[in-house]
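Just work18.txt here, compact mmCIF, C-alpha atoms:
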# COMPACT_ATOMS: atom_id res chain seq x y z
CA MET A 28 -193.56 -72.49 138.03
CA PRO A 29 -190.71 -70.60 139.71
CA LEU A 30 -188.86 -67.83 137.94
CA PHE A 31 -185.82 -68.59 135.85
CA GLU A 32 -183.13 -67.20 138.10
CA TYR A 33 -179.72 -66.06 136.95
CA ARG A 34 -178.10 -68.79 139.04
CA GLN A 35 -180.08 -71.34 137.03
CA ALA A 36 -179.03 -69.73 133.76
CA GLU A 37 -175.44 -70.18 134.88
CA GLU A 38 -176.19 -73.81 135.69
CA VAL A 39 -177.60 -74.30 132.18
CA ARG A 40 -174.52 -72.68 130.66
CA ASP A 41 -172.15 -74.78 132.78
CA ALA A 42 -173.97 -78.09 132.33
CA LEU A 43 -174.25 -77.70 128.56
CA ARG A 44 -170.60 -76.73 128.36
CA ARG A 45 -169.57 -79.76 130.46
CA HIS A 46 -171.47 -82.05 128.11
CA GLY A 47 -170.13 -80.31 125.01
CA VAL A 48 -173.55 -79.29 123.71
CA ARG A 49 -173.53 -76.99 120.69
CA TYR A 50 -176.30 -74.44 121.15
CA LEU A 51 -177.06 -70.73 121.19
CA PHE A 52 -179.47 -68.60 123.16
CA ILE A 53 -182.01 -67.17 120.74
CA GLY A 54 -185.26 -65.20 120.98
CA LYS A 55 -185.89 -62.62 123.61
CA SER A 56 -183.74 -64.37 126.21
CA GLY A 57 -180.83 -64.09 123.75
CA ALA A 58 -181.54 -60.40 123.22
CA ILE A 59 -181.68 -59.88 126.98
CA LEU A 60 -178.24 -61.47 127.31
CA LEU A 61 -177.00 -58.95 124.74
CA GLY A 62 -178.41 -56.12 126.87
CA PHE A 63 -181.95 -55.66 125.53
CA PRO A 64 -184.13 -54.41 128.40
CA ASP A 65 -187.38 -56.34 128.20
CA THR A 66 -189.24 -59.17 129.87
CA THR A 67 -189.75 -62.80 128.94
CA GLN A 68 -191.06 -65.97 130.52
CA ASP A 69 -188.72 -68.65 129.26
CA ALA A 70 -185.42 -69.21 127.54
CA ASP A 71 -185.08 -70.40 123.96
CA LEU A 72 -182.10 -72.53 122.98
CA PHE A 73 -181.19 -73.00 119.33
CA VAL A 74 -179.60 -76.45 119.36
CA GLU A 75 -177.57 -78.03 116.58
CA LYS A 76 -179.56 -80.89 115.08
CA ASP A 77 -177.21 -83.84 115.42
CA PRO A 78 -177.84 -87.13 117.29
CA ALA A 79 -174.62 -86.92 119.33
CA ASN A 80 -175.40 -83.32 120.25
CA GLY A 81 -178.97 -84.32 121.14
CA SER A 82 -177.71 -87.10 123.42
CA ALA A 83 -175.34 -84.72 125.15
CA LEU A 84 -178.20 -82.26 125.60
CA VAL A 85 -180.44 -84.95 127.13
CA GLU A 86 -177.74 -85.82 129.67
CA ALA A 87 -177.30 -82.16 130.55
CA LEU A 88 -181.07 -81.62 130.90
CA CYS A 89 -181.41 -84.63 133.23
CA GLU A 90 -178.53 -83.30 135.30
CA LEU A 91 -180.34 -79.95 135.53
CA GLY A 92 -183.45 -81.63 136.90
CA PHE A 93 -185.68 -82.07 133.86
CA ARG A 94 -187.79 -85.22 134.14
CA LEU A 95 -187.76 -86.76 130.68
CA THR A 96 -189.38 -90.02 129.65
CA ALA A 97 -187.56 -92.40 127.33
CA GLU A 98 -189.75 -91.23 124.45
CA GLN A 99 -189.08 -87.58 125.18
CA LYS A 100 -185.35 -88.24 125.33
CA SER A 101 -185.56 -89.98 121.99
CA GLU A 102 -187.39 -87.03 120.42
CA ILE A 103 -184.71 -84.61 121.61
CA VAL A 104 -181.92 -86.86 120.35
CA ARG A 105 -183.72 -87.07 117.02
CA GLY A 106 -184.00 -83.28 116.99
CA LYS A 107 -187.68 -82.58 116.49
CA ASP A 108 -187.90 -79.01 115.25
CA PHE A 109 -189.51 -77.60 118.39
CA VAL A 110 -189.61 -79.00 121.92
CA GLN A 111 -191.25 -77.20 124.81
CA LEU A 112 -190.07 -78.25 128.28
CA LYS A 113 -192.09 -77.39 131.34
CA ASN A 114 -191.08 -80.47 133.28
CA GLY A 115 -188.04 -79.07 135.00
CA PRO A 116 -186.94 -76.34 137.38
CA PHE A 117 -187.72 -73.65 134.75
CA ASP A 118 -189.31 -73.40 131.30
CA LEU A 119 -187.10 -74.06 128.31
CA ASP A 120 -187.84 -74.15 124.59
CA LEU A 121 -185.53 -76.20 122.40
CA VAL A 122 -185.52 -74.92 118.86
CA PHE A 123 -183.76 -77.08 116.30
CA ALA A 124 -184.94 -75.19 113.21
CA PRO A 125 -185.77 -71.56 113.97
CA ASP A 126 -187.60 -69.54 111.35
CA GLY A 127 -185.53 -67.14 109.29
CA ILE A 128 -182.09 -68.62 109.99
CA GLU A 129 -180.12 -70.49 107.35
CA GLY A 130 -178.71 -73.11 109.68
CA PHE A 131 -176.86 -73.69 112.93
CA GLU A 132 -173.37 -73.37 111.44
CA HIS A 133 -174.26 -70.05 109.85
CA ALA A 134 -175.56 -68.69 113.15
CA PHE A 135 -172.72 -70.20 115.18
CA ALA A 136 -170.11 -68.59 112.93
CA ARG A 137 -171.14 -65.14 114.08
CA HIS A 138 -172.47 -65.80 117.55
CA ILE A 139 -171.57 -63.64 120.54
CA GLU A 140 -170.26 -64.83 123.91
CA VAL A 141 -171.67 -62.91 126.87
CA GLU A 142 -170.02 -63.99 130.12
CA GLY A 143 -169.73 -67.51 128.73
CA PHE A 144 -173.29 -67.63 127.38
CA PRO A 145 -173.30 -68.37 123.65
CA VAL A 146 -175.83 -66.04 122.03
CA CYS A 147 -177.11 -65.62 118.48
CA HIS A 148 -176.10 -62.41 116.77
CA ILE A 149 -178.75 -59.74 117.14
CA ASP A 150 -179.40 -59.89 113.36
CA ASP A 151 -180.28 -63.59 113.65
CA ILE A 152 -182.56 -62.94 116.62
CA ILE A 153 -184.33 -60.25 114.61
CA ALA A 154 -184.47 -62.42 111.48
CA SER A 155 -186.12 -65.27 113.37
CA LYS A 156 -188.70 -62.94 114.91
CA GLU A 157 -189.42 -61.34 111.53
CA ALA A 158 -189.90 -64.75 109.94
CA SER A 159 -192.12 -66.12 112.70
CA GLY A 160 -194.89 -63.66 111.85
CA ARG A 161 -196.36 -63.87 115.36
CA THR A 162 -198.32 -60.94 116.68
CA LYS A 163 -196.20 -60.66 119.81
CA ASP A 164 -193.00 -60.64 117.76
CA ARG A 165 -194.35 -58.02 115.36
CA GLU A 166 -195.11 -55.82 118.35
CA SER A 167 -191.65 -56.15 119.84
CA LEU A 168 -189.68 -55.76 116.59
CA PRO A 169 -189.53 -51.94 116.35
CA ARG A 170 -187.89 -51.69 119.76
CA LEU A 171 -185.63 -54.67 119.05
CA ARG A 172 -184.48 -53.09 115.77
CA ALA A 173 -183.75 -49.85 117.59
CA PHE A 174 -181.74 -51.84 120.15
CA ARG A 175 -179.83 -53.46 117.30
CA GLU A 176 -178.69 -50.03 116.13
CA TYR A 177 -177.72 -49.04 119.66
CA TRP A 178 -175.87 -52.34 120.20
CA ILE A 179 -173.91 -52.11 116.92
CA ALA A 180 -172.90 -48.49 117.60
CA ARG A 181 -171.92 -49.30 121.17
CA ASN A 182 -169.77 -52.24 120.10
CA ARG A 183 -168.06 -50.11 117.45
CA ARG A 184 -167.12 -47.64 120.14
CA GLY A 185 -165.80 -50.52 122.23
CA MET B 13 -172.98 -37.13 117.18
CA GLU B 14 -171.10 -40.42 117.25
CA SER B 15 -167.51 -40.66 116.15
CA ALA B 16 -168.00 -43.85 114.11
CA GLY B 17 -170.19 -42.20 111.50
CA PHE B 18 -173.35 -42.67 113.48
CA GLU B 19 -175.70 -39.87 114.22
CA ARG B 20 -178.52 -40.52 116.65
CA VAL B 21 -181.50 -38.42 115.78
CA PHE B 22 -184.32 -38.07 118.19
CA HIS B 23 -187.63 -37.26 116.58
CA PRO B 24 -190.04 -35.72 119.11
CA ALA B 25 -192.82 -37.43 117.19
CA ALA B 26 -191.25 -40.78 117.90
CA LEU B 27 -192.82 -41.10 121.31
CA ALA B 28 -196.26 -40.49 119.90
CA PHE B 29 -195.76 -42.34 116.64
CA PRO B 30 -193.13 -45.03 117.16
CA MET B 31 -194.50 -47.12 114.31
CA ALA B 32 -193.99 -44.22 111.87
CA VAL B 33 -190.38 -43.93 112.89
CA ASP B 34 -189.99 -47.67 112.50
CA THR B 35 -191.43 -47.48 109.00
CA VAL B 36 -188.87 -44.86 108.05
CA TRP B 37 -186.13 -46.93 109.57
CA ARG B 38 -187.27 -50.08 107.80
CA ARG B 39 -187.21 -48.29 104.46
CA ALA B 40 -183.60 -47.33 105.07
CA TYR B 41 -182.81 -50.82 106.36
CA ASP B 42 -184.32 -52.55 103.37
CA GLY B 43 -182.63 -50.19 100.97
CA CYS B 44 -179.09 -50.54 102.23
CA MET B 45 -178.68 -53.82 104.07
CA ASN B 46 -175.02 -53.96 103.07
CA ALA B 47 -174.23 -50.29 103.25
CA ARG B 48 -173.13 -48.43 106.33
CA ARG B 49 -176.06 -46.53 107.72
CA GLU B 50 -175.32 -42.93 108.54
CA LEU B 51 -178.62 -42.11 110.13
CA VAL B 52 -180.06 -44.04 113.03
CA GLU B 53 -183.30 -43.18 114.66
CA ILE B 54 -183.91 -44.37 118.18
CA PRO B 55 -186.76 -42.86 120.17
CA GLY B 56 -185.29 -41.00 123.13
CA GLU B 57 -187.17 -43.00 125.72
CA TRP B 58 -185.84 -46.27 124.31
CA LEU B 59 -182.32 -44.91 124.13
CA GLU B 60 -182.47 -44.04 127.82
CA GLU B 61 -183.65 -47.58 128.61
CA PHE B 62 -180.85 -49.16 126.53
CA GLU B 63 -178.22 -47.03 128.21
CA ALA B 64 -179.57 -47.72 131.68
CA ALA B 65 -179.61 -51.48 130.95
CA ALA B 66 -176.02 -51.34 129.68
CA LEU B 67 -174.92 -50.09 133.10
CA ARG B 68 -176.50 -53.02 134.95
CA PRO B 69 -174.63 -56.28 135.56
CA LEU B 70 -175.95 -59.25 133.60
CA SER B 71 -177.29 -60.93 136.74
CA VAL B 72 -179.44 -57.86 137.47
CA ARG B 73 -180.65 -57.57 133.88
CA TRP B 74 -181.63 -61.24 134.00
CA ARG B 75 -183.51 -60.81 137.27
CA TYR B 76 -185.48 -57.87 135.87
CA ALA B 77 -186.22 -59.73 132.63
CA PHE B 78 -187.73 -63.01 133.78
CA VAL B 79 -191.33 -62.89 134.88
CA HIS B 80 -193.89 -65.62 135.00
CA THR B 81 -197.59 -65.40 134.46
CA TYR B 82 -199.89 -68.30 133.72
CA LYS B 83 -200.60 -68.72 130.01
CA PRO B 84 -203.74 -70.73 129.37
CA VAL B 85 -203.32 -73.88 127.27
CA LEU B 86 -199.62 -73.22 126.72
CA ASP B 87 -198.80 -73.87 130.37
CA ASP B 88 -201.18 -76.78 130.75
CA ALA B 89 -198.79 -79.48 129.54
CA SER B 90 -195.37 -80.29 130.91
CA TYR B 91 -193.97 -81.31 127.53
CA ARG B 92 -194.79 -80.72 123.87
CA SER B 93 -192.87 -81.45 120.72
CA PHE B 94 -193.44 -80.78 117.05
CA ASP B 95 -191.83 -82.41 114.04
CA THR B 96 -191.59 -79.12 112.21
CA THR B 97 -191.67 -75.46 113.15
CA GLU B 98 -194.61 -75.14 110.78
CA ASP B 99 -196.50 -77.74 112.84
CA TYR B 100 -195.78 -75.73 115.96
CA ARG B 101 -197.02 -72.49 114.39
CA ARG B 102 -200.18 -74.25 113.20
CA TRP B 103 -200.80 -75.66 116.68
CA CYS B 104 -200.41 -72.17 118.17
CA ASN B 105 -202.87 -70.74 115.64
CA GLU B 106 -205.45 -73.42 116.30
CA ASN B 107 -205.17 -73.84 120.05
CA LEU B 108 -203.95 -70.74 121.82
CA PRO B 109 -206.12 -67.74 122.72
CA LEU B 110 -205.47 -64.90 120.28
CA TRP B 111 -204.63 -62.45 123.03
CA LEU B 112 -201.51 -64.45 123.95
CA GLY B 113 -199.97 -63.15 120.71
CA TYR B 114 -198.69 -66.48 119.40
CA ALA B 115 -200.91 -66.47 116.34
CA THR B 116 -199.22 -65.70 113.07
CA VAL B 117 -200.32 -62.58 111.26

Rendering of file as C-alpha cells:
Amino acid sequence: MPLFEYRQAEEVRDALRRHGVRYLFIGKSGAILLGFPDTTQDADLFVEKDPANGSALVEALCELGFRLTAEQKSEIVRGKDFVQLKNGPFDLDLVFAPDGIEGFEHAFARHIEVEGFPVCHIDDIIASKEASGRTKDRESLPRLRAFREYWIARNRRG
Amino acid sequence: MESAGFERVFHPAALAFPMAVDTVWRRAYDGCMNARRELVEIPGEWLEEFEAAALRPLSVRWRYAFVHTYKPVLDDASYRSFDTTEDYRRWCNENLPLWLGYATV
C-alpha cells in the first residue's frame, strides 16, 4: 500500500466537494490537519449518515479509484457505522457514527476549514478518542490534550 | 506569559513524568470545562514540537505524518464494514493482536 500523499488528500477534498459530500476529517488525520505533529497510517472521514450523501460519496470514491462492488456501494449509501476501505489508492476509514460525538450536525456546526479541508474541532477529535477507550488512543491523549491548549491559545492570538 | 490570560508553565518533571502532568491537567479540565483556564501545562519538548509544526506548510506536515507499516489481520482484507461502532470495537478486541493497540481498555 503506497503512502497517502498530500496530492491525494487534495484530490479527496476536491472530489468530495465536487460531489457535494458532507463530511469532516476526524481522528489523528484531522488533528494533523489542525497542526498536530504526529504520525498516522490512514485518514478517517466522519460522513453524514444520509442516503443522498452516501450516494454522492460513492460516486466520489469511484472517481478517486476505489474499486467498490455493488454490495459495498449499497452499504456506504446505507451508512453502516464503520467502513474500512483498503481497496483504493490509499487507506480510508468512513465513520458514520464516531464514539463520543453527539451527531454530525453538532460537529459540523463548529468544524474548522484548513486550506479547504473540513476538519472536526479539536474538542470533538479528543472526545471521540476519549470515548473509544482504545489503548493506542489512551496513549496519544495526553499529547493531544496539550496540543489542544496550544492550538486554542494560538488561535486566540490570531 | 501570554497576553490572552494564558500562562504556559513548564514543569521540569514533565519530561520524566508526563502522565503526572496530564493527571493534574485533567483535574483542572474536568473541574472547569466551561470556565476560562488560566493555567496551561505543556511539557517543553511538546511545545517545541507544536511550534515547529506550526511553521511548516500543510503539505510538509502531511508528508511527515503519513507512514505505512503492515498491520497483521487489519491489513489482510481490502474492505470491512460494521453495522455499529460497537460491532467494530468488538471485532477489534476479538481479532487483532493486542500490541496493535486497537483493543479497548

Task: CA of Thr67 in chain A to CA of Arg94 in chain A, straight-line distance in Å - done: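 Calculated distance between CA of Arg94 in chain A and CA of Thr67 in chain A is 23.1 Å.
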
Task: Selected residue, from B:Lys83, B:Phe62, B:Arg68, B:Ser90, that lies nearest to Pro109 in chain B when counting all atoms listed in the file - done: B:Lys83

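Across A:Phe131, A:Phe93, A:Tyr50, A:Phe109, the tightest approach to chain B is made by A:Phe109 when counting only C-alpha atoms.
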
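Rounded to one decimal, CA of Arg105 in chain A and CA of Asp77 in chain A lie 7.4 Å from each other.
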
- [ ] Up to 6 Å from chain A, what residues of chain B turn up? Count only C-alpha atoms and give them as a ChimeraX atom specification.
- [x] /B:34,54,65,71,74,77-80,90-97,113-117

Residues from the last selection, C-alpha atoms, saved as a PDB file, in the frame of the given file:
ATOM      1  CA  ASP B  34    -189.990 -47.670 112.500  1.00  0.00           C
ATOM      2  CA  ILE B  54    -183.910 -44.370 118.180  1.00  0.00           C
ATOM      3  CA  ALA B  65    -179.610 -51.480 130.950  1.00  0.00           C
ATOM      4  CA  SER B  71    -177.290 -60.930 136.740  1.00  0.00           C
ATOM      5  CA  TRP B  74    -181.630 -61.240 134.000  1.00  0.00           C
ATOM      6  CA  ALA B  77    -186.220 -59.730 132.630  1.00  0.00           C
ATOM      7  CA  PHE B  78    -187.730 -63.010 133.780  1.00  0.00           C
ATOM      8  CA  VAL B  79    -191.330 -62.890 134.880  1.00  0.00           C
ATOM      9  CA  HIS B  80    -193.890 -65.620 135.000  1.00  0.00           C
ATOM     10  CA  SER B  90    -195.370 -80.290 130.910  1.00  0.00           C
ATOM     11  CA  TYR B  91    -193.970 -81.310 127.530  1.00  0.00           C
ATOM     12  CA  ARG B  92    -194.790 -80.720 123.870  1.00  0.00           C
ATOM     13  CA  SER B  93    -192.870 -81.450 120.720  1.00  0.00           C
ATOM     14  CA  PHE B  94    -193.440 -80.780 117.050  1.00  0.00           C
ATOM     15  CA  ASP B  95    -191.830 -82.410 114.040  1.00  0.00           C
ATOM     16  CA  THR B  96    -191.590 -79.120 112.210  1.00  0.00           C
ATOM     17  CA  THR B  97    -191.670 -75.460 113.150  1.00  0.00           C
ATOM     18  CA  GLY B 113    -199.970 -63.150 120.710  1.00  0.00           C
ATOM     19  CA  TYR B 114    -198.690 -66.480 119.400  1.00  0.00           C
ATOM     20  CA  ALA B 115    -200.910 -66.470 116.340  1.00  0.00           C
ATOM     21  CA  THR B 116    -199.220 -65.700 113.070  1.00  0.00           C
ATOM     22  CA  VAL B 117    -200.320 -62.580 111.260  1.00  0.00           C
TER      23      VAL B 117
END

Open item on the list: Please report the interatomic distance between CA of Arg44 in chain A and CA of Glu86 in chain A in Å with one decimal.
Closed with: 11.6 Å

Neighbour list for range 144-148 of chain A as a PDB file with C-alpha atoms, in the frame of the given file, cut-off 7 Å, all atoms listed in the file, skip fewer than 6 positions in-chain:
ATOM      1  CA  ARG A  40    -174.520 -72.680 130.660  1.00  0.00           C
ATOM      2  CA  LEU A  51    -177.060 -70.730 121.190  1.00  0.00           C
ATOM      3  CA  PHE A  52    -179.470 -68.600 123.160  1.00  0.00           C
ATOM      4  CA  ILE A  53    -182.010 -67.170 120.740  1.00  0.00           C
ATOM      5  CA  GLY A  57    -180.830 -64.090 123.750  1.00  0.00           C
ATOM      6  CA  ALA A 134    -175.560 -68.690 113.150  1.00  0.00           C
ATOM      7  CA  ARG A 137    -171.140 -65.140 114.080  1.00  0.00           C
ATOM      8  CA  HIS A 138    -172.470 -65.800 117.550  1.00  0.00           C
TER       9      HIS A 138
END
